[in-house]
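To start, the structure under review is shown below, and the notes come after it.
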Amino acid sequence: MKKRTLGKTSMEISAVGLGCMGFSHAYGDPTEKDVAVRMIRKAYDMGYTFFDTAECYTGINADGSISYNEALVGEALRDVRDKVVIATKMGITFTPNGSVLDSSPAKIRASVEGSLKKLGTDYIDLYYQHRIDPKVEPEVVAKTMGELIKEGKIRAWGISETGEEYLRRANAVTPVTAIQNRYSMIAREYEKLFPVLEELGVSLVAFSPLGNGFLSGKYSATDSFKEGVDFRSHMPQYTKEGFEAGRELFELLGRMAEEKGASTGQLSLAWMLSKKPYIIPSPGSRKEERLLENLNSRDVLLSQEEIAKLDALLDQLNMPVYGKR
């Protein structure tokens, strides 16, 4: 399980990708630039070859400057650009009054130019529509992405948080390589898309594959997160009730992890890697030991019987997970 292939392309990537968002956005204050660049590059040295970022992943540094996640990724990987696959996303702008969705052709083109500049590259390997814009038909988005592929600005495109109808309509115009949807042991609603993904030859890049860190087993109900800059402060799994709802799952994960000589986080990632060959979990971390732990989950093998045992328990869970986004 060391490698995966993105959709129907020839792009071979590490079976576990690195979600880089947390270096700049949503998980507390941004990491200092030099540290972030060094850690992203260290991830490559460990064996990561698939890196995920987005236009809207920004934060405010201690000196008041903006931390652009794409710029961190681009700087870290500049001298190994031909050896990695970089995914980025467009379509969301954050404002003081909330997020604005815009997937118009003009916005897509303006965004791709901005991302190319920040990444310091002349092509993007996988370019996602970050969230569906209800004002723009999927055929219009797909046509624009197809034009960008022909122009060589992107190699492939994908959709984040899509359902079946939108995916099918978009794919009929320009084949979709991957969807990036929330998927983990405690967020399984998109398993209903598995037959569609198999039919169309589309990969599932799983974001938040550890339930925003919940399944790592590193937190408890006494942990708190910084209001306003850390999404976890609003997520119901990080409450007393959330931890109680997950207690039975953690007990089973703990027992199985001990049998496998793995961590609960590794077992959680191995669960999805063993389920389907087209699933690519992309957990994020800013800690070297966690980066290595997540990557090594690809060496943990689960039998179909073990997966079925976990699924049977998961089917019984009443697990709150989403929270505000």
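Ligands are numbered from 1 in the order shown, chains are lettered A, B, ... in the order of the structure tokens, and residues start at 1 in each chain.
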### Message
Quick one: residues within 8 Å of segment 160-175 of chain A, only C-alpha atoms, excluding same-chain residues fewer than 5 positions away - as an NGL selection string?
### Response
:A and (128-132 or 138-139 or 141-143 or 145-146 or 180-182 or 193 or 196)
### DSSP helix (DSSP H, G or I) residues within segment 107-286 of chain A, listed as an MDAnalysis selection string
chainID A and resid 107:119 138:150 164:173 189:200 214:216 231:234 236:238 240:245 247:260 264:275
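Here atom CA of Gly98 of chain A and atom CA of Asn212 of chain A stand 21.3 Å from one another.
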Considering only C-alpha atoms, return as a PDB file with N, CA and C atoms, in the first residue's frame whatever protein or nucleic-acid residues lie within 12 Å of Ser24 of chain A, sequence-local ones (same chain, fewer than 2 positions apart) excluded.
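Result saved to part00.pdb:
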ATOM      1  N   GLY A  19      -1.988  16.953   4.277  1.00  0.00           N
ATOM      2  CA  GLY A  19      -2.808  18.148   4.267  1.00  0.00           C
ATOM      3  C   GLY A  19      -2.052  19.276   4.957  1.00  0.00           C
ATOM      4  N   CYS A  20      -1.730  20.307   4.213  1.00  0.00           N
ATOM      5  CA  CYS A  20      -0.848  21.369   4.724  1.00  0.00           C
ATOM      6  C   CYS A  20      -1.598  22.527   5.375  1.00  0.00           C
ATOM      7  N   MET A  21      -2.907  22.497   5.384  1.00  0.00           N
ATOM      8  CA  MET A  21      -3.712  23.613   5.862  1.00  0.00           C
ATOM      9  C   MET A  21      -3.274  24.123   7.239  1.00  0.00           C
ATOM     10  N   GLY A  22      -3.027  23.208   8.167  1.00  0.00           N
ATOM     11  CA  GLY A  22      -2.763  23.594   9.547  1.00  0.00           C
ATOM     12  C   GLY A  22      -1.537  24.460   9.757  1.00  0.00           C
ATOM     13  N   ALA A  26      -6.737  27.596  10.497  1.00  0.00           N
ATOM     14  CA  ALA A  26      -7.791  26.813  11.147  1.00  0.00           C
ATOM     15  C   ALA A  26      -7.363  25.961  12.338  1.00  0.00           C
ATOM     16  N   TYR A  27      -6.084  25.826  12.587  1.00  0.00           N
ATOM     17  CA  TYR A  27      -5.636  25.011  13.717  1.00  0.00           C
ATOM     18  C   TYR A  27      -4.730  25.814  14.647  1.00  0.00           C
ATOM     19  N   GLY A  28      -5.182  26.990  14.991  1.00  0.00           N
ATOM     20  CA  GLY A  28      -4.396  27.850  15.855  1.00  0.00           C
ATOM     21  C   GLY A  28      -3.575  28.840  15.057  1.00  0.00           C
ATOM     22  N   ASP A  29      -2.669  29.520  15.720  1.00  0.00           N
ATOM     23  CA  ASP A  29      -1.832  30.521  15.047  1.00  0.00           C
ATOM     24  C   ASP A  29      -0.939  29.867  14.009  1.00  0.00           C
ATOM     25  N   PRO A  30      -0.635  30.579  12.906  1.00  0.00           N
ATOM     26  CA  PRO A  30       0.224  30.008  11.869  1.00  0.00           C
ATOM     27  C   PRO A  30       1.600  29.622  12.404  1.00  0.00           C
ATOM     28  N   THR A  31       2.144  28.576  11.822  1.00  0.00           N
ATOM     29  CA  THR A  31       3.513  28.175  12.133  1.00  0.00           C
ATOM     30  C   THR A  31       4.476  29.198  11.543  1.00  0.00           C
ATOM     31  N   GLU A  32       5.522  29.501  12.259  1.00  0.00           N
ATOM     32  CA  GLU A  32       6.537  30.429  11.741  1.00  0.00           C
ATOM     33  C   GLU A  32       7.042  29.917  10.391  1.00  0.00           C
ATOM     34  N   LYS A  33       7.236  30.829   9.443  1.00  0.00           N
ATOM     35  CA  LYS A  33       7.482  30.463   8.054  1.00  0.00           C
ATOM     36  C   LYS A  33       8.616  29.468   7.889  1.00  0.00           C
ATOM     37  N   VAL A  35       9.972  27.424   9.907  1.00  0.00           N
ATOM     38  CA  VAL A  35       9.650  26.131  10.515  1.00  0.00           C
ATOM     39  C   VAL A  35       8.683  25.357   9.620  1.00  0.00           C
ATOM     40  N   ALA A  36       7.666  26.043   9.104  1.00  0.00           N
ATOM     41  CA  ALA A  36       6.678  25.394   8.243  1.00  0.00           C
ATOM     42  C   ALA A  36       7.328  24.853   6.975  1.00  0.00           C
ATOM     43  N   VAL A  37       8.153  25.671   6.347  1.00  0.00           N
ATOM     44  CA  VAL A  37       8.838  25.238   5.121  1.00  0.00           C
ATOM     45  C   VAL A  37       9.716  24.027   5.403  1.00  0.00           C
ATOM     46  N   THR A  53      -3.046  21.853  -0.531  1.00  0.00           N
ATOM     47  CA  THR A  53      -3.136  23.211  -0.029  1.00  0.00           C
ATOM     48  C   THR A  53      -4.361  23.863  -0.657  1.00  0.00           C
ATOM     49  N   ALA A  54      -4.536  25.158  -0.476  1.00  0.00           N
ATOM     50  CA  ALA A  54      -5.676  25.862  -1.066  1.00  0.00           C
ATOM     51  C   ALA A  54      -5.425  27.349  -1.059  1.00  0.00           C
ATOM     52  N   GLU A  55      -6.078  28.022  -1.996  1.00  0.00           N
ATOM     53  CA  GLU A  55      -5.992  29.466  -2.112  1.00  0.00           C
ATOM     54  C   GLU A  55      -6.413  30.153  -0.814  1.00  0.00           C
ATOM     55  N   CYS A  56      -7.446  29.628  -0.155  1.00  0.00           N
ATOM     56  CA  CYS A  56      -8.004  30.319   1.014  1.00  0.00           C
ATOM     57  C   CYS A  56      -7.349  29.935   2.326  1.00  0.00           C
ATOM     58  N   TYR A  57      -6.345  29.063   2.309  1.00  0.00           N
ATOM     59  CA  TYR A  57      -5.662  28.695   3.544  1.00  0.00           C
ATOM     60  C   TYR A  57      -4.673  29.784   3.915  1.00  0.00           C
ATOM     61  N   THR A  58      -5.135  30.732   4.678  1.00  0.00           N
ATOM     62  CA  THR A  58      -4.288  31.841   5.098  1.00  0.00           C
ATOM     63  C   THR A  58      -4.473  32.079   6.598  1.00  0.00           C
ATOM     64  N   GLY A  59      -3.533  32.768   7.175  1.00  0.00           N
ATOM     65  CA  GLY A  59      -3.607  33.147   8.582  1.00  0.00           C
ATOM     66  C   GLY A  59      -2.786  34.409   8.795  1.00  0.00           C
ATOM     67  N   ILE A  60      -2.858  34.958   9.983  1.00  0.00           N
ATOM     68  CA  ILE A  60      -2.123  36.182  10.308  1.00  0.00           C
ATOM     69  C   ILE A  60      -0.938  35.825  11.194  1.00  0.00           C
ATOM     70  N   ASN A  61       0.256  36.121  10.698  1.00  0.00           N
ATOM     71  CA  ASN A  61       1.479  35.854  11.455  1.00  0.00           C
ATOM     72  C   ASN A  61       1.601  36.811  12.646  1.00  0.00           C
ATOM     73  N   ALA A  62       2.516  36.500  13.527  1.00  0.00           N
ATOM     74  CA  ALA A  62       2.722  37.315  14.725  1.00  0.00           C
ATOM     75  C   ALA A  62       3.073  38.763  14.380  1.00  0.00           C
ATOM     76  N   SER A  65       1.722  40.057   9.170  1.00  0.00           N
ATOM     77  CA  SER A  65       1.726  39.687   7.760  1.00  0.00           C
ATOM     78  C   SER A  65       0.835  38.473   7.531  1.00  0.00           C
ATOM     79  N   ILE A  66       0.489  38.226   6.281  1.00  0.00           N
ATOM     80  CA  ILE A  66      -0.373  37.095   5.939  1.00  0.00           C
ATOM     81  C   ILE A  66       0.467  35.858   5.657  1.00  0.00           C
ATOM     82  N   SER A  67       0.065  34.748   6.231  1.00  0.00           N
ATOM     83  CA  SER A  67       0.695  33.462   5.944  1.00  0.00           C
ATOM     84  C   SER A  67      -0.089  32.796   4.829  1.00  0.00           C
ATOM     85  N   TYR A  68       0.510  32.737   3.642  1.00  0.00           N
ATOM     86  CA  TYR A  68      -0.123  32.086   2.498  1.00  0.00           C
ATOM     87  C   TYR A  68       0.351  30.636   2.434  1.00  0.00           C
ATOM     88  N   ASN A  69      -0.566  29.708   2.644  1.00  0.00           N
ATOM     89  CA  ASN A  69      -0.199  28.303   2.684  1.00  0.00           C
ATOM     90  C   ASN A  69       0.426  27.840   1.372  1.00  0.00           C
ATOM     91  N   GLU A  70      -0.115  28.297   0.259  1.00  0.00           N
ATOM     92  CA  GLU A  70       0.437  27.904  -1.041  1.00  0.00           C
ATOM     93  C   GLU A  70       1.897  28.320  -1.164  1.00  0.00           C
ATOM     94  N   ALA A  71       2.221  29.493  -0.649  1.00  0.00           N
ATOM     95  CA  ALA A  71       3.600  29.965  -0.748  1.00  0.00           C
ATOM     96  C   ALA A  71       4.545  29.094   0.075  1.00  0.00           C
ATOM     97  N   LEU A  72       4.080  28.634   1.230  1.00  0.00           N
ATOM     98  CA  LEU A  72       4.898  27.740   2.055  1.00  0.00           C
ATOM     99  C   LEU A  72       5.170  26.430   1.321  1.00  0.00           C
ATOM    100  N   VAL A  73       4.116  25.864   0.747  1.00  0.00           N
ATOM    101  CA  VAL A  73       4.251  24.599   0.018  1.00  0.00           C
ATOM    102  C   VAL A  73       5.169  24.769  -1.185  1.00  0.00           C
ATOM    103  N   VAL A 229      -9.533  30.951  15.927  1.00  0.00           N
ATOM    104  CA  VAL A 229      -8.482  30.542  14.986  1.00  0.00           C
ATOM    105  C   VAL A 229      -8.310  29.031  14.920  1.00  0.00           C
ATOM    106  N   ASP A 230      -9.075  28.293  15.724  1.00  0.00           N
ATOM    107  CA  ASP A 230      -8.975  26.833  15.708  1.00  0.00           C
ATOM    108  C   ASP A 230     -10.376  26.254  15.571  1.00  0.00           C
ATOM    109  N   GLY A 284      -3.373  16.061   8.315  1.00  0.00           N
ATOM    110  CA  GLY A 284      -2.423  17.146   8.496  1.00  0.00           C
ATOM    111  C   GLY A 284      -1.772  17.066   9.869  1.00  0.00           C
ATOM    112  N   SER A 285      -0.569  17.548   9.947  1.00  0.00           N
ATOM    113  CA  SER A 285       0.109  17.687  11.237  1.00  0.00           C
ATOM    114  C   SER A 285       1.262  18.652  11.082  1.00  0.00           C
ATOM    115  N   ARG A 286       1.634  19.272  12.204  1.00  0.00           N
ATOM    116  CA  ARG A 286       2.805  20.154  12.198  1.00  0.00           C
ATOM    117  C   ARG A 286       3.939  19.565  13.020  1.00  0.00           C
TER     118      ARG A 286
END
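Here atom CA of Ala76 of chain A is placed at a distance of 6.7 Å from atom CA of Arg38 of chain A.
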### Selection: 9 Å around Asp311 of chain A, only C-alpha atoms, excl. self and same-chain fewer than 5 positions, as a list in words
Met185, Glu306 and Gln316 of chain A
Write the selection just made, keeping N, CA and C atoms, as a tab-separated table (two decimals), in the first residue's frame?
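Below you can see out-v4.tsv, which holds the result:
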chain	number	residue	atom	x	y	z
A	185	MET	N	-13.66	7.40	10.13
A	185	MET	CA	-14.48	6.43	10.86
A	185	MET	C	-15.72	7.07	11.46
A	306	GLU	N	-11.44	-7.93	9.74
A	306	GLU	CA	-11.18	-6.87	10.71
A	306	GLU	C	-11.91	-5.58	10.33
A	316	GLN	N	-23.15	1.39	14.66
A	316	GLN	CA	-23.94	1.58	15.88
A	316	GLN	C	-23.64	2.91	16.57
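Nearest-residue note for Ala257 of chain A: choosing from A:Pro105, A:Gly47, A:Gly91, A:Gly217, the minimum distance belongs to A:Gly217, counting only C-alpha atoms.
When only C-alpha atoms are used to compute distances to Pro281 of chain A, the closest of the residues A:Gly7, A:Gly17, A:Gly246, A:Gly265 turns out to be A:Gly17.
Compared by their closest atoms to Glu151 of chain A, and using only C-alpha atoms, the residues A:Val112, A:Val100, A:Ile40, A:Ile92 rank with A:Val112 nearest.
The space separating atom CA of Arg290 of chain A from atom CA of Leu253 of chain A comes to 17.7 Å.
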### DSSP strand (DSSP E or B) selection over segment 25-137 of chain A, as a ChimeraX atom specification
/A:27,50-52,58-60,66-68,85-90,92-95,98-101,124-129
### Shell around Glu293 of chain A at 10 Å using only C-alpha atoms, local window under 6 positions removed, as a ChimeraX atom specification
/A:262-263,265-266,287
Kindly save the residues from that selection, with N, CA and C atoms included, as a tab-separated table (two decimals), in the first residue's frame.
chain	number	residue	atom	x	y	z
A	262	ALA	N	0.50	-0.83	16.43
A	262	ALA	CA	0.27	0.46	15.80
A	262	ALA	C	-0.41	1.40	16.78
A	263	SER	N	-0.56	2.66	16.38
A	263	SER	CA	-1.31	3.63	17.18
A	263	SER	C	-2.77	3.61	16.71
A	265	GLY	N	-4.40	6.16	15.72
A	265	GLY	CA	-4.44	6.97	14.51
A	265	GLY	C	-4.03	6.18	13.27
A	266	GLN	N	-2.97	5.41	13.39
A	266	GLN	CA	-2.54	4.58	12.27
A	266	GLN	C	-3.60	3.57	11.89
A	287	LYS	N	3.75	18.34	13.50
A	287	LYS	CA	4.76	17.69	14.33
A	287	LYS	C	5.45	16.57	13.56
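Summary of the local environment: counting only C-alpha atoms, residues at most 10 Å from Leu148 of chain A, other than itself and those fewer than 3 positions away along its chain, are Ile108, Arg109, Val112, Tyr123, Ile124, Tyr127, Ala142, Lys143, Thr144, Met145, Glu151, Gly152, Lys153, Ile154, Arg155, Ala156 and Trp157 of chain A.
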